[in-house]
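**Q** I have a structure here, written as structure tokens, and I will follow up with some questions on it.
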Amino acid sequence: MNRPGEHVRARIPLGFLAVAIVSLVALWFLRSALAPFFLALVLAYVLDPVVARLARRIGREWAAVLVILAAVLVGGLLVWGLVPRLWSQVARLIESLPQLGLRAQARFQPWMTAHPAVQARFRGALDGLDPMALAREAGLAGAGLLGGFLKLITLILVPLILYYLLMEGHRLLRALDDLVPPRHLARCQALAADINRRLGGYIRGQLAVSLVMSFLQGLAFQILGVPYAWLLGLVAGCSNVVPYSPYVTALPPALLFAAANGAGGGRLLVMALVFTAVQKLETLYFTPVWVGRASGLHPLEVLLAILCFGYAFGLVGLIFAVPLMIVLKVLGQAALEEYRSHPWFLGEEP
């Protein structure tokens, strides 16, 4: 028999464990269908601090409605002002790809002549380039009655889901408390609060970093006369979701476009140095101050997360590497505290 006040250490029933595993597998296979929920969850993290402040004056329901309407208005203005310009740059880029390829071939012909294997691969890629096919694929992606209907539902569902998350997110969390054994409730609540705080800070900080870096890189490209400057700046800013990826997604195309338009080696070097300098602002200030402090991750932990989750899950793993690392670090710190307080570690009798 157990003494009064002594906790019973029981194993989790296999049935409960099987249900949890099946639920996680179902979430993985339904990840595309659950995209509106994930998007609404990210927006809820971004908008919840504003809703919380307004709720003190006008109530949470009206605060949620006003904040969502303001977000939709701002998003609509951005789409109306930016998307046509960016799409025109994309269309011009698709149309000019064959010419850019011919210019690049003429520019680097002496070097490619000395390297016939590279020349053969370049010509094969150039021959297979069909700008009209690219345009059709870009314009018809997701076309069809069913695809259009699903996208319309997604657009309608995101604000609706966002409203319920902002209104009743805390109630949903309290409802989950009923699934936790009472003896572990306080510990689980503390862990969930820590994870929620860090994830919220990371998402808000990462969004701010992406917006600022898109503007700074676009402005730098524009000043340096790089073709499609703002489009490349947007690519660089959005790529910051995966740390260090702008050096692969934005810098090589910028150098290639500039070289195809006659830029010399000195100008290309200046472009690379300016791009690196702007990225260093993100590495040395924006990410450490806006993201690092909130997430509590060391740069080495970020690199480890990118390598492990990227290798395991590909692009999805790269995008969610840092949030997953935040969760693992919080749980790891809890496990480390449990280990340090264990009688075996302290050298005491169990």
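Residue numbering restarts at 1 in every chain; chains get A, B, ... in the order shown in the structure tokens, and ligands count up from 1 in that same order.
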Quick one: residues within 10 Å of Ala236 (chain A), only C-alpha atoms, excluding same-chain residues fewer than 3 positions away - as a PyMOL selection string?
**A** chain A and resi 210+213-218+230-233+239-241+244-251+275+279
**Q** Let's have the selection written as an mmCIF file, in the first residue's frame, with C-alpha atoms.
**A**
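Below you can see part-v7.cif, which holds the result:
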data_model
loop_
_atom_site.group_PDB
_atom_site.id
_atom_site.type_symbol
_atom_site.label_atom_id
_atom_site.label_comp_id
_atom_site.auth_asym_id
_atom_site.auth_seq_id
_atom_site.Cartn_x
_atom_site.Cartn_y
_atom_site.Cartn_z
ATOM 1 C CA SER A 210 10.862 39.642 -42.903
ATOM 2 C CA MET A 213 14.543 42.881 -44.692
ATOM 3 C CA SER A 214 12.274 42.855 -47.752
ATOM 4 C CA PHE A 215 12.292 46.649 -47.764
ATOM 5 C CA LEU A 216 16.032 47.034 -47.069
ATOM 6 C CA GLN A 217 17.155 44.471 -49.646
ATOM 7 C CA GLY A 218 14.714 45.808 -52.244
ATOM 8 C CA TRP A 230 11.730 44.771 -55.360
ATOM 9 C CA LEU A 231 10.831 41.246 -56.417
ATOM 10 C CA LEU A 232 14.263 40.020 -55.348
ATOM 11 C CA GLY A 233 13.972 42.031 -52.140
ATOM 12 C CA SER A 239 13.492 33.648 -47.223
ATOM 13 C CA ASN A 240 14.605 34.844 -43.801
ATOM 14 C CA VAL A 241 12.029 32.447 -42.358
ATOM 15 C CA TYR A 244 20.795 32.118 -44.056
ATOM 16 C CA SER A 245 18.721 31.027 -47.073
ATOM 17 C CA PRO A 246 18.683 34.498 -48.792
ATOM 18 C CA TYR A 247 22.300 33.833 -49.788
ATOM 19 C CA VAL A 248 20.911 31.025 -51.970
ATOM 20 C CA THR A 249 17.466 32.311 -52.989
ATOM 21 C CA ALA A 250 18.137 36.006 -53.681
ATOM 22 C CA LEU A 251 21.841 36.777 -54.118
ATOM 23 C CA PHE A 275 23.791 42.309 -49.797
ATOM 24 C CA GLN A 279 22.067 40.526 -44.098
#
**Q** Skipping near chain neighbours, those fewer than 6 positions away, what residues fall within 9 Å of region 167-174 of chain A using only C-alpha atoms, listed as a ChimeraX atom specification?
**A** /A:44,60-61,64
**Q** Restricting it to C-alpha atoms, dump the selection as a short mmCIF file (atom, residue, chain, number, x, y, z; two decimals), in the first residue's frame.
**A**
data_model
loop_
_atom_site.label_atom_id
_atom_site.label_comp_id
_atom_site.auth_asym_id
_atom_site.auth_seq_id
_atom_site.Cartn_x
_atom_site.Cartn_y
_atom_site.Cartn_z
CA ALA A 44 -3.62 34.99 -33.78
CA ARG A 60 -12.68 41.27 -26.13
CA GLU A 61 -15.43 40.58 -28.67
CA ALA A 64 -11.29 41.02 -31.92
#
**Q** Using CA of Ala229 (chain A) and CA of Ala258 (chain A) as the two end points, give the distance in Å to one decimal.
**A**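 Computed distance, CA of Ala229 (chain A) to CA of Ala258 (chain A), equals 10.4 Å.
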**Q** So, counting only C-alpha atoms, which residue among A:Ala71, A:Leu331, A:Cys308, A:Ala63 is closest to Pro159 (chain A)?
**A**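 For Pro159 (chain A), the nearest of the given residues is A:Ala71.
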**Q** What does the distance from CA of Gly292 (chain A) to CA of Gly205 (chain A) come to in Å, to one decimal?
**A** 8.6 Å
